[in-house]
Structures are given as structure tokens and as C-alpha cells.
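One file, model26.cif, is given below (mmCIF, C-alpha atoms).
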```
data_final
loop_
_atom_site.group_PDB
_atom_site.id
_atom_site.type_symbol
_atom_site.label_atom_id
_atom_site.label_comp_id
_atom_site.auth_asym_id
_atom_site.auth_seq_id
_atom_site.Cartn_x
_atom_site.Cartn_y
_atom_site.Cartn_z
ATOM 1 C CA MET A 952 -9.303 -20.464 -10.176
ATOM 2 C CA LEU A 953 -6.206 -19.134 -8.461
ATOM 3 C CA PHE A 954 -5.519 -15.401 -8.672
ATOM 4 C CA ARG A 955 -2.158 -13.925 -7.716
ATOM 5 C CA VAL A 956 -1.907 -10.443 -6.229
ATOM 6 C CA LEU A 957 1.367 -8.550 -5.811
ATOM 7 C CA ALA A 958 1.368 -5.885 -3.096
ATOM 8 C CA LEU A 959 4.333 -3.496 -3.095
ATOM 9 C CA GLY A 960 5.661 -1.453 -0.185
ATOM 10 C CA ASP A 961 5.898 2.334 -0.166
ATOM 11 C CA ILE A 962 7.521 3.608 -3.370
ATOM 12 C CA THR A 963 10.018 6.248 -2.284
ATOM 13 C CA GLY A 964 11.454 8.985 -4.499
ATOM 14 C CA GLU A 965 12.028 9.178 -8.225
ATOM 15 C CA ASP A 966 14.707 6.487 -8.028
ATOM 16 C CA GLY A 967 12.173 4.151 -6.444
ATOM 17 C CA VAL A 968 9.735 4.881 -9.277
ATOM 18 C CA GLU A 969 12.475 4.232 -11.851
ATOM 19 C CA PHE A 970 13.443 0.952 -10.156
ATOM 20 C CA LEU A 971 9.804 -0.102 -10.311
ATOM 21 C CA ARG A 972 9.666 0.760 -14.005
ATOM 22 C CA ARG A 973 12.729 -1.398 -14.747
ATOM 23 C CA HIS A 974 11.766 -4.452 -12.700
ATOM 24 C CA LEU A 975 8.000 -4.783 -12.244
ATOM 25 C CA SER A 976 7.109 -6.155 -15.681
ATOM 26 C CA TYR A 977 9.675 -8.945 -15.389
ATOM 27 C CA LEU A 978 8.515 -9.837 -11.872
ATOM 28 C CA LYS A 979 4.896 -10.013 -13.028
ATOM 29 C CA ARG A 980 5.807 -12.422 -15.821
ATOM 30 C CA GLU A 981 8.108 -14.551 -13.656
ATOM 31 C CA LYS A 982 5.606 -14.915 -10.816
ATOM 32 C CA GLY A 983 2.409 -15.054 -12.873
ATOM 33 C CA ILE A 984 0.925 -11.950 -11.274
ATOM 34 C CA ASP A 985 -2.674 -11.050 -12.130
ATOM 35 C CA PHE A 986 -3.085 -7.810 -10.174
ATOM 36 C CA VAL A 987 -0.717 -5.265 -8.609
ATOM 37 C CA VAL A 988 -1.379 -2.825 -5.766
ATOM 38 C CA ALA A 989 1.438 -0.393 -4.934
ATOM 39 C CA ASN A 990 1.584 2.168 -2.163
ATOM 40 C CA GLY A 991 2.764 5.393 -3.810
ATOM 41 C CA GLU A 992 2.458 8.067 -1.156
ATOM 42 C CA ASN A 993 6.207 8.815 -1.095
ATOM 43 C CA ALA A 994 6.867 8.589 -4.817
ATOM 44 C CA ALA A 995 7.422 12.360 -5.005
ATOM 45 C CA GLY A 996 9.235 12.489 -1.683
ATOM 46 C CA ASN A 997 6.746 13.663 0.904
ATOM 47 C CA GLY A 998 3.648 12.996 -1.186
ATOM 48 C CA LEU A 999 2.626 12.077 -4.729
ATOM 49 C CA LEU A 1000 2.289 14.098 -7.926
ATOM 50 C CA PRO A 1001 0.088 13.109 -10.884
ATOM 51 C CA ALA A 1002 3.145 12.566 -13.111
ATOM 52 C CA HIS A 1003 4.659 10.121 -10.614
ATOM 53 C CA ALA A 1004 1.330 8.316 -10.298
ATOM 54 C CA GLU A 1005 1.175 7.921 -14.075
ATOM 55 C CA ASP A 1006 4.727 6.526 -14.021
ATOM 56 C CA VAL A 1007 3.690 3.933 -11.428
ATOM 57 C CA PHE A 1008 0.703 2.919 -13.534
ATOM 58 C CA SER A 1009 2.782 2.705 -16.716
ATOM 59 C CA ALA A 1010 5.286 0.514 -14.856
ATOM 60 C CA GLY A 1011 2.525 -2.057 -14.356
ATOM 61 C CA ALA A 1012 0.593 -1.225 -11.170
ATOM 62 C CA ASP A 1013 -3.179 -1.626 -11.373
ATOM 63 C CA VAL A 1014 -4.034 0.386 -8.249
ATOM 64 C CA VAL A 1015 -2.060 2.952 -6.251
ATOM 65 C CA THR A 1016 -2.828 3.380 -2.549
ATOM 66 C CA LEU A 1017 -1.795 6.254 -0.285
ATOM 67 C CA GLY A 1018 -1.452 7.118 3.415
ATOM 68 C CA ASN A 1019 -0.546 9.930 5.795
ATOM 69 C CA HIS A 1020 1.285 11.866 3.042
ATOM 70 C CA THR A 1021 -1.739 11.742 0.708
ATOM 71 C CA PHE A 1022 -1.968 15.526 0.568
ATOM 72 C CA GLY A 1023 1.742 16.261 0.938
ATOM 73 C CA LYS A 1024 1.543 17.538 -2.631
ATOM 74 C CA THR A 1025 -1.740 19.414 -3.003
ATOM 75 C CA ARG A 1026 -1.731 19.087 -6.797
ATOM 76 C CA ILE A 1027 -2.827 15.466 -6.316
ATOM 77 C CA ALA A 1028 -6.310 16.519 -5.125
ATOM 78 C CA ASP A 1029 -7.950 16.839 -8.552
ATOM 79 C CA PHE A 1030 -6.219 13.649 -9.727
ATOM 80 C CA LEU A 1031 -7.782 11.745 -6.820
ATOM 81 C CA GLU A 1032 -11.211 12.803 -8.036
ATOM 82 C CA GLU A 1033 -10.537 11.967 -11.679
ATOM 83 C CA ASN A 1034 -8.705 8.645 -11.465
ATOM 84 C CA PRO A 1035 -10.586 5.710 -9.883
ATOM 85 C CA TYR A 1036 -7.397 3.621 -9.729
ATOM 86 C CA ILE A 1037 -5.755 5.750 -7.044
ATOM 87 C CA LEU A 1038 -7.067 5.483 -3.495
ATOM 88 C CA ARG A 1039 -6.563 7.576 -0.358
ATOM 89 C CA PRO A 1040 -7.497 6.278 3.116
ATOM 90 C CA ALA A 1041 -11.238 5.622 3.298
ATOM 91 C CA ASN A 1042 -11.409 6.785 6.917
ATOM 92 C CA TYR A 1043 -10.358 10.323 6.058
ATOM 93 C CA THR A 1044 -13.097 12.881 6.530
ATOM 94 C CA GLY A 1045 -15.836 12.854 3.906
ATOM 95 C CA ARG A 1046 -14.741 16.341 2.844
ATOM 96 C CA ALA A 1047 -11.415 14.960 1.539
ATOM 97 C CA PRO A 1048 -11.246 14.565 -2.248
ATOM 98 C CA GLY A 1049 -11.021 11.123 -3.788
ATOM 99 C CA ARG A 1050 -12.144 7.694 -2.655
ATOM 100 C CA GLY A 1051 -10.833 4.987 -0.348
ATOM 101 C CA TRP A 1052 -12.660 1.977 -1.727
ATOM 102 C CA ALA A 1053 -13.281 0.739 -5.267
ATOM 103 C CA VAL A 1054 -14.133 -2.471 -7.099
ATOM 104 C CA TYR A 1055 -12.319 -3.347 -10.325
ATOM 105 C CA ASP A 1056 -13.622 -5.700 -13.005
ATOM 106 C CA CYS A 1057 -10.895 -8.151 -14.035
ATOM 107 C CA GLY A 1058 -13.025 -10.287 -16.324
ATOM 108 C CA ARG A 1059 -13.781 -13.528 -14.503
ATOM 109 C CA VAL A 1060 -13.270 -11.916 -11.082
ATOM 110 C CA GLN A 1061 -13.948 -8.604 -9.392
ATOM 111 C CA VAL A 1062 -11.330 -7.152 -7.054
ATOM 112 C CA GLY A 1063 -12.220 -4.722 -4.296
ATOM 113 C CA VAL A 1064 -9.415 -2.610 -2.820
ATOM 114 C CA LEU A 1065 -9.783 -0.779 0.494
ATOM 115 C CA ASN A 1066 -7.249 1.759 1.774
ATOM 116 C CA LEU A 1067 -7.256 2.569 5.508
ATOM 117 C CA ILE A 1068 -5.031 4.646 7.783
ATOM 118 C CA GLY A 1069 -4.230 3.873 11.412
ATOM 119 C CA ARG A 1070 -4.803 6.268 14.284
ATOM 120 C CA CYS A 1071 -2.295 4.936 16.821
ATOM 121 C CA ASN A 1072 0.697 7.344 16.747
ATOM 122 C CA LEU A 1073 -0.194 8.381 13.197
ATOM 123 C CA ASP A 1074 -3.494 10.155 12.437
ATOM 124 C CA PHE A 1075 -5.827 10.753 15.366
ATOM 125 C CA ASN A 1076 -8.043 12.947 13.177
ATOM 126 C CA ALA A 1077 -9.036 10.037 10.960
ATOM 127 C CA GLU A 1078 -12.233 8.127 11.626
ATOM 128 C CA ASN A 1079 -11.983 4.725 13.286
ATOM 129 C CA PRO A 1080 -10.505 2.329 10.679
ATOM 130 C CA PHE A 1081 -12.268 -0.691 12.211
ATOM 131 C CA THR A 1082 -15.749 0.793 12.023
ATOM 132 C CA THR A 1083 -14.969 2.297 8.604
ATOM 133 C CA ALA A 1084 -14.094 -1.181 7.330
ATOM 134 C CA ASP A 1085 -17.360 -2.504 8.789
ATOM 135 C CA ARG A 1086 -19.405 0.215 7.135
ATOM 136 C CA ILE A 1087 -17.885 -0.364 3.697
ATOM 137 C CA LEU A 1088 -17.842 -4.146 3.793
ATOM 138 C CA ASN A 1089 -21.413 -4.363 5.069
ATOM 139 C CA SER A 1090 -22.853 -1.874 2.587
ATOM 140 C CA GLU A 1091 -21.424 -3.244 -0.650
ATOM 141 C CA ASP A 1092 -22.107 -6.293 -2.793
ATOM 142 C CA LYS A 1093 -19.130 -8.516 -2.091
ATOM 143 C CA PRO A 1094 -16.666 -8.845 -5.013
ATOM 144 C CA THR A 1095 -14.694 -12.044 -5.616
ATOM 145 C CA PHE A 1096 -11.702 -10.713 -3.676
ATOM 146 C CA ILE A 1097 -11.206 -7.903 -1.173
ATOM 147 C CA LEU A 1098 -7.725 -6.459 -0.579
ATOM 148 C CA VAL A 1099 -6.818 -4.063 2.230
ATOM 149 C CA ASP A 1100 -3.810 -1.740 2.504
ATOM 150 C CA PHE A 1101 -3.711 -0.653 6.157
ATOM 151 C CA HIS A 1102 -1.289 2.268 6.372
ATOM 152 C CA ALA A 1103 -0.443 2.309 10.063
ATOM 153 C CA GLN A 1104 2.400 2.943 12.487
ATOM 154 C CA ALA A 1105 1.658 0.476 15.279
ATOM 155 C CA THR A 1106 2.127 -3.228 14.649
ATOM 156 C CA SER A 1107 -0.500 -3.901 17.320
ATOM 157 C CA GLU A 1108 -3.115 -1.929 15.362
ATOM 158 C CA LYS A 1109 -2.294 -3.832 12.182
ATOM 159 C CA LEU A 1110 -2.379 -7.213 13.923
ATOM 160 C CA ALA A 1111 -5.661 -6.380 15.622
ATOM 161 C CA MET A 1112 -7.142 -5.481 12.230
ATOM 162 C CA SER A 1113 -5.988 -8.827 10.809
ATOM 163 C CA TYR A 1114 -7.963 -10.688 13.476
ATOM 164 C CA TYR A 1115 -10.936 -8.359 13.104
ATOM 165 C CA LEU A 1116 -11.186 -8.863 9.335
ATOM 166 C CA ASP A 1117 -9.980 -12.485 9.194
ATOM 167 C CA GLY A 1118 -12.258 -14.444 6.877
ATOM 168 C CA ARG A 1119 -14.013 -11.274 5.706
ATOM 169 C CA VAL A 1120 -11.293 -10.088 3.314
ATOM 170 C CA SER A 1121 -8.920 -11.967 1.006
ATOM 171 C CA ALA A 1122 -5.698 -10.238 2.008
ATOM 172 C CA LEU A 1123 -4.592 -7.518 4.405
ATOM 173 C CA TRP A 1124 -1.152 -5.947 4.479
ATOM 174 C CA GLY A 1125 0.463 -3.094 6.336
ATOM 175 C CA THR A 1126 2.417 -0.186 4.888
ATOM 176 C CA HIS A 1127 4.079 2.963 6.296
ATOM 177 C CA THR A 1128 7.110 1.731 8.290
ATOM 178 C CA HIS A 1129 9.184 0.956 5.142
ATOM 179 C CA VAL A 1130 10.638 -2.103 6.901
ATOM 180 C CA PRO A 1131 9.423 -5.602 5.902
ATOM 181 C CA THR A 1132 8.206 -7.924 8.628
ATOM 182 C CA ALA A 1133 8.822 -11.689 8.664
ATOM 183 C CA ASP A 1134 5.301 -12.658 9.725
ATOM 184 C CA GLU A 1135 3.632 -13.389 6.396
ATOM 185 C CA ARG A 1136 0.927 -16.020 6.868
ATOM 186 C CA VAL A 1137 -2.600 -17.168 6.165
ATOM 187 C CA CYS A 1138 -4.743 -16.306 9.190
ATOM 188 C CA PRO A 1139 -6.974 -18.976 10.812
ATOM 189 C CA LYS A 1140 -10.086 -18.025 8.831
ATOM 190 C CA GLY A 1141 -8.288 -17.608 5.502
ATOM 191 C CA THR A 1142 -7.110 -14.015 5.180
ATOM 192 C CA GLY A 1143 -3.561 -13.532 3.859
ATOM 193 C CA TYR A 1144 -1.559 -11.187 6.069
ATOM 194 C CA ILE A 1145 1.775 -9.426 6.605
ATOM 195 C CA THR A 1146 2.337 -6.610 9.104
ATOM 196 C CA ASP A 1147 4.447 -4.487 6.729
ATOM 197 C CA LEU A 1148 5.504 -4.937 3.111
ATOM 198 C CA GLY A 1149 8.648 -2.808 3.322
ATOM 199 C CA MET A 1150 9.736 -0.255 0.742
ATOM 200 C CA THR A 1151 10.524 0.267 -2.912
ATOM 201 C CA GLY A 1152 13.418 2.700 -2.771
ATOM 202 C CA PRO A 1153 17.060 3.357 -1.826
ATOM 203 C CA ILE A 1154 18.845 0.676 0.172
ATOM 204 C CA GLU A 1155 21.331 2.921 2.001
ATOM 205 C CA SER A 1156 18.803 5.156 3.690
ATOM 206 C CA VAL A 1157 16.637 5.632 6.760
ATOM 207 C CA LEU A 1158 13.178 4.779 5.431
ATOM 208 C CA GLY A 1159 14.230 6.273 2.101
ATOM 209 C CA ILE A 1160 15.686 9.471 3.564
ATOM 210 C CA ARG A 1161 19.347 10.450 3.428
ATOM 211 C CA PRO A 1162 20.880 8.929 6.609
ATOM 212 C CA GLU A 1163 22.605 12.161 7.603
ATOM 213 C CA GLN A 1164 19.299 14.034 7.458
ATOM 214 C CA SER A 1165 17.619 11.499 9.719
ATOM 215 C CA VAL A 1166 20.563 11.490 12.164
ATOM 216 C CA GLU A 1167 20.462 15.297 12.339
ATOM 217 C CA PHE A 1168 16.778 15.152 13.237
ATOM 218 C CA PHE A 1169 17.392 12.707 16.097
ATOM 219 C CA LEU A 1170 20.255 14.875 17.360
ATOM 220 C CA GLY A 1171 17.770 17.692 17.756
ATOM 221 C CA GLY A 1172 18.418 19.639 14.567
ATOM 222 C CA LEU A 1173 15.929 20.819 11.988
ATOM 223 C CA PRO A 1174 15.153 18.084 9.457
ATOM 224 C CA GLY A 1175 14.557 20.490 6.570
ATOM 225 C CA ARG A 1176 13.049 19.501 3.237
ATOM 226 C CA TYR A 1177 12.590 15.780 2.643
ATOM 227 C CA GLN A 1178 15.725 14.489 0.882
ATOM 228 C CA THR A 1179 15.514 11.067 -0.766
ATOM 229 C CA ALA A 1180 18.743 9.102 -0.454
ATOM 230 C CA PRO A 1181 20.727 8.374 -3.642
ATOM 231 C CA GLY A 1182 22.119 5.023 -4.701
ATOM 232 C CA PRO A 1183 20.911 1.496 -5.517
ATOM 233 C CA CYS A 1184 17.300 0.575 -4.780
ATOM 234 C CA ARG A 1185 15.291 -2.527 -3.950
ATOM 235 C CA MET A 1186 11.635 -3.491 -4.281
ATOM 236 C CA GLN A 1187 9.864 -5.212 -1.396
ATOM 237 C CA GLY A 1188 6.394 -6.641 -1.041
ATOM 238 C CA ALA A 1189 4.375 -9.829 -0.916
ATOM 239 C CA ILE A 1190 2.480 -12.123 -3.269
ATOM 240 C CA PHE A 1191 -0.921 -13.397 -2.159
ATOM 241 C CA THR A 1192 -2.374 -16.444 -3.908
ATOM 242 C CA LEU A 1193 -6.165 -16.276 -3.745
ATOM 243 C CA ASP A 1194 -8.846 -18.882 -4.517
ATOM 244 C CA SER A 1195 -11.861 -17.585 -6.460
ATOM 245 C CA SER A 1196 -14.096 -20.374 -5.126
ATOM 246 C CA THR A 1197 -13.746 -19.092 -1.554
ATOM 247 C CA GLY A 1198 -12.442 -15.544 -2.001
ATOM 248 C CA LEU A 1199 -9.726 -16.364 0.527
ATOM 249 C CA CYS A 1200 -5.960 -16.800 0.551
ATOM 250 C CA THR A 1201 -4.043 -20.055 0.131
ATOM 251 C CA ASP A 1202 -0.445 -18.773 0.304
ATOM 252 C CA VAL A 1203 1.639 -15.678 1.068
ATOM 253 C CA GLU A 1204 5.178 -15.173 -0.275
ATOM 254 C CA ARG A 1205 7.368 -12.279 0.846
ATOM 255 C CA ILE A 1206 9.517 -10.904 -2.011
ATOM 256 C CA GLU A 1207 12.522 -8.638 -2.452
ATOM 257 C CA VAL A 1208 14.079 -7.579 -5.753
ATOM 258 C CA LEU A 1209 17.570 -6.055 -5.743
#
```
Step by step, read the file and then write its structure as C-alpha cells.
Amino acid sequence: MLFRVLALGDITGEDGVEFLRRHLSYLKREKGIDFVVANGENAAGNGLLPAHAEDVFSAGADVVTLGNHTFGKTRIADFLEENPYILRPANYTGRAPGRGWAVYDCGRVQVGVLNLIGRCNLDFNAENPFTTADRILNSEDKPTFILVDFHAQATSEKLAMSYYLDGRVSALWGTHTHVPTADERVCPKGTGYITDLGMTGPIESVLGIRPEQSVEFFLGGLPGRYQTAPGPCRMQGAIFTLDSSTGLCTDVERIEVL
């Protein structure tokens, strides 16, 4: 049986959430999507609030993953404990609320989702994502499919992880840079991969931020409060076609909805 997973890049701002709400259901029907994982760490700007998470779920996402802005809005902490469908990086300290790995029963298949954060130029305080992946994958009964959102800055760290986990997970994608990469592929041992999914948010922006705010920062000024750019949005991500007989990937399709 083939199983199609849609992974969506970082949802940015309320306009990004609204764009998701208007377009995700149609995309799921058109592409025959069985399961949706969306990175939501910027849905409330610099972080995520429970109300925004609920909006992402009601739009059609099955699981929401996070990243370096997981605790940008502290009100999310209790929600992370209560809702098993929202994941923060598994290699955060064990004292952090929430979970970074879960298995979901989808009837004929079980889908495991693992959220990791990179350490190269991003979060040196996190535990090693490679050894964290080993610990989780070696200690659990293997579900039909395993999906990994690796929220990382360096393309080298993401690529290295793809080779490290090739054949051990069904699909691995990168988030965080908000810019889609053109390297979608099935790795030699059968893991679907793309270095970065891109972003669900405003087109005329710098990673979702008002351009003038970003320019001011690079000129040496104070960036101030995170300001999401206004205007039309787009939704970027990738579709992974998985085979339940092997648990591996047969095809990867990069997508963009305007």
C-alpha cells in the first residue's frame, strides 16, 4: 500500500495560518494526501500559541512540529504536555515540557514522527541530534513509517543526517531557513529527503519578516519586535510517497501553492 505524506515548511504569522486554512484541504484532496506534518513554530510570529496551533490542526494538519522558537511564547508549555499531536525537538533537555517523538495509529499503518533541532549555528545547548535519533529509534518498536523534521541551520548538518538515517527512516526533511531547496530525492537506501521545505507565509518578505525590519538589522540597527510582513502568501513543502511493504520512500515531489 502506498501512503502519501505532505510536509509543510514553517508556517509564519497569522496570514500564513489563514492561507493554510484556505488551501490545505483542497491540496489534500487533489494530491491524495494521507497524513500532514506542518512546522508551526512561527505561526504566532516568534513562537506558537495554543490558539494558532488549534487553527493549524483545524486546517487539516495531523501533527505540528516546532524548532528553536518552541518556547518563544511561554503559554505553549502546558499545551505541549496536553496535546500529543504537537512535538518540540526531542534533543531538548529532559526538563523541557512536551515530547519530541510520538507514534500515531492511522488504521492500517502506524506513523512515527520525530522532531530534532540542529546544533550547528543554531542551538549548542541541545543534545546531539544524531545520538538522540539513535536512542529513540533503537528503543522503540518500529512503526510502519518514520518521519523526521530536522530543524537546522546548516545544510551540511541536514545532509549528514540524511546519510546517517538513510534506510532507517521513511522520510527526512529540513526546516528553519524558510527557503526551499531543489534537492528533493530518494536516498540510496530508500529514505525520502529534502534539505529545506521552505515556508508557508508572506511572499514579499525576508523569511516572513517585513523587509525593512530585516534590512535595518543588517545595517546595525535594533531589530525590535518580530513584525510579520503583510501581503499575499504561498505554501511550500514536499510530498513523500511511502511504501508500507518496506517502510521506505518511492518518490518525493516538491510543491508550492500560490
(message) For the provided coordinates, the residues matched by the PyMOL selection byres ((chain A and resi 953) around 9) should be stated as a ChimeraX atom specification.
(response) /A:952,954-955,1192-1196,1201
Selection under test: the PyMOL selection byres ((chain A and resi 1098-1104) around 10); residues as a PDB file with C-alpha atoms, in the coordinates of the input:
```pdb
ATOM      1  CA  VAL A 956      -1.907 -10.443  -6.229  1.00  0.00           C
ATOM      2  CA  ALA A 958       1.368  -5.885  -3.096  1.00  0.00           C
ATOM      3  CA  GLY A 960       5.661  -1.453  -0.185  1.00  0.00           C
ATOM      4  CA  ASP A 961       5.898   2.334  -0.166  1.00  0.00           C
ATOM      5  CA  VAL A 988      -1.379  -2.825  -5.766  1.00  0.00           C
ATOM      6  CA  ALA A 989       1.438  -0.393  -4.934  1.00  0.00           C
ATOM      7  CA  ASN A 990       1.584   2.168  -2.163  1.00  0.00           C
ATOM      8  CA  THR A1016      -2.828   3.380  -2.549  1.00  0.00           C
ATOM      9  CA  LEU A1017      -1.795   6.254  -0.285  1.00  0.00           C
ATOM     10  CA  GLY A1018      -1.452   7.118   3.415  1.00  0.00           C
ATOM     11  CA  ASN A1019      -0.546   9.930   5.795  1.00  0.00           C
ATOM     12  CA  LEU A1038      -7.067   5.483  -3.495  1.00  0.00           C
ATOM     13  CA  PRO A1040      -7.497   6.278   3.116  1.00  0.00           C
ATOM     14  CA  TRP A1052     -12.660   1.977  -1.727  1.00  0.00           C
ATOM     15  CA  VAL A1054     -14.133  -2.471  -7.099  1.00  0.00           C
ATOM     16  CA  VAL A1062     -11.330  -7.152  -7.054  1.00  0.00           C
ATOM     17  CA  GLY A1063     -12.220  -4.722  -4.296  1.00  0.00           C
ATOM     18  CA  VAL A1064      -9.415  -2.610  -2.820  1.00  0.00           C
ATOM     19  CA  LEU A1065      -9.783  -0.779   0.494  1.00  0.00           C
ATOM     20  CA  ASN A1066      -7.249   1.759   1.774  1.00  0.00           C
ATOM     21  CA  LEU A1067      -7.256   2.569   5.508  1.00  0.00           C
ATOM     22  CA  ILE A1068      -5.031   4.646   7.783  1.00  0.00           C
ATOM     23  CA  GLY A1069      -4.230   3.873  11.412  1.00  0.00           C
ATOM     24  CA  ARG A1070      -4.803   6.268  14.284  1.00  0.00           C
ATOM     25  CA  CYS A1071      -2.295   4.936  16.821  1.00  0.00           C
ATOM     26  CA  ASN A1072       0.697   7.344  16.747  1.00  0.00           C
ATOM     27  CA  LEU A1073      -0.194   8.381  13.197  1.00  0.00           C
ATOM     28  CA  ASP A1074      -3.494  10.155  12.437  1.00  0.00           C
ATOM     29  CA  PRO A1080     -10.505   2.329  10.679  1.00  0.00           C
ATOM     30  CA  ALA A1084     -14.094  -1.181   7.330  1.00  0.00           C
ATOM     31  CA  PHE A1096     -11.702 -10.713  -3.676  1.00  0.00           C
ATOM     32  CA  ILE A1097     -11.206  -7.903  -1.173  1.00  0.00           C
ATOM     33  CA  ALA A1105       1.658   0.476  15.279  1.00  0.00           C
ATOM     34  CA  THR A1106       2.127  -3.228  14.649  1.00  0.00           C
ATOM     35  CA  SER A1107      -0.500  -3.901  17.320  1.00  0.00           C
ATOM     36  CA  GLU A1108      -3.115  -1.929  15.362  1.00  0.00           C
ATOM     37  CA  LYS A1109      -2.294  -3.832  12.182  1.00  0.00           C
ATOM     38  CA  MET A1112      -7.142  -5.481  12.230  1.00  0.00           C
ATOM     39  CA  SER A1113      -5.988  -8.827  10.809  1.00  0.00           C
ATOM     40  CA  LEU A1116     -11.186  -8.863   9.335  1.00  0.00           C
ATOM     41  CA  VAL A1120     -11.293 -10.088   3.314  1.00  0.00           C
ATOM     42  CA  SER A1121      -8.920 -11.967   1.006  1.00  0.00           C
ATOM     43  CA  ALA A1122      -5.698 -10.238   2.008  1.00  0.00           C
ATOM     44  CA  LEU A1123      -4.592  -7.518   4.405  1.00  0.00           C
ATOM     45  CA  TRP A1124      -1.152  -5.947   4.479  1.00  0.00           C
ATOM     46  CA  GLY A1125       0.463  -3.094   6.336  1.00  0.00           C
ATOM     47  CA  THR A1126       2.417  -0.186   4.888  1.00  0.00           C
ATOM     48  CA  HIS A1127       4.079   2.963   6.296  1.00  0.00           C
ATOM     49  CA  THR A1128       7.110   1.731   8.290  1.00  0.00           C
ATOM     50  CA  THR A1142      -7.110 -14.015   5.180  1.00  0.00           C
ATOM     51  CA  GLY A1143      -3.561 -13.532   3.859  1.00  0.00           C
ATOM     52  CA  TYR A1144      -1.559 -11.187   6.069  1.00  0.00           C
ATOM     53  CA  THR A1146       2.337  -6.610   9.104  1.00  0.00           C
ATOM     54  CA  ASP A1147       4.447  -4.487   6.729  1.00  0.00           C
ATOM     55  CA  LEU A1148       5.504  -4.937   3.111  1.00  0.00           C
ATOM     56  CA  PHE A1191      -0.921 -13.397  -2.159  1.00  0.00           C
TER      57      PHE A1191
END
```
(message) Can you spell out as a PyMOL selection string the set of residues that the PyMOL selection byres ((chain A and resi 1077) around 7) selects in the structure I just provided?
(response) chain A and resi 1042-1044+1070+1074-1076+1078-1079
(message) I'd like the interatomic distance between atom CA of Ile1190 of chain A and atom CA of Arg1205 of chain A, to a tenth of an Å.
(response)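 Computed distance, atom CA of Ile1190 of chain A to atom CA of Arg1205 of chain A, equals 6.4 Å.
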(request) Pick out the closest residue to Ile1145 of chain A from this set: A:Glu969, A:Pro1162, A:Ile1206, A:Arg1086. Count only C-alpha atoms. (result) A:Ile1206
(request) Would you kindly return, as a VMD selection string, each protein, DNA or RNA residue with an atom no farther than 12 Å from any atom of segment 970-978 of chain A, considering all atoms listed in the file and excluding same-chain residues fewer than 6 positions away? (result) chain A and resid 956 to 964 984 to 991 994 1003 to 1013 1150 to 1154 1182 to 1190 1206 to 1209
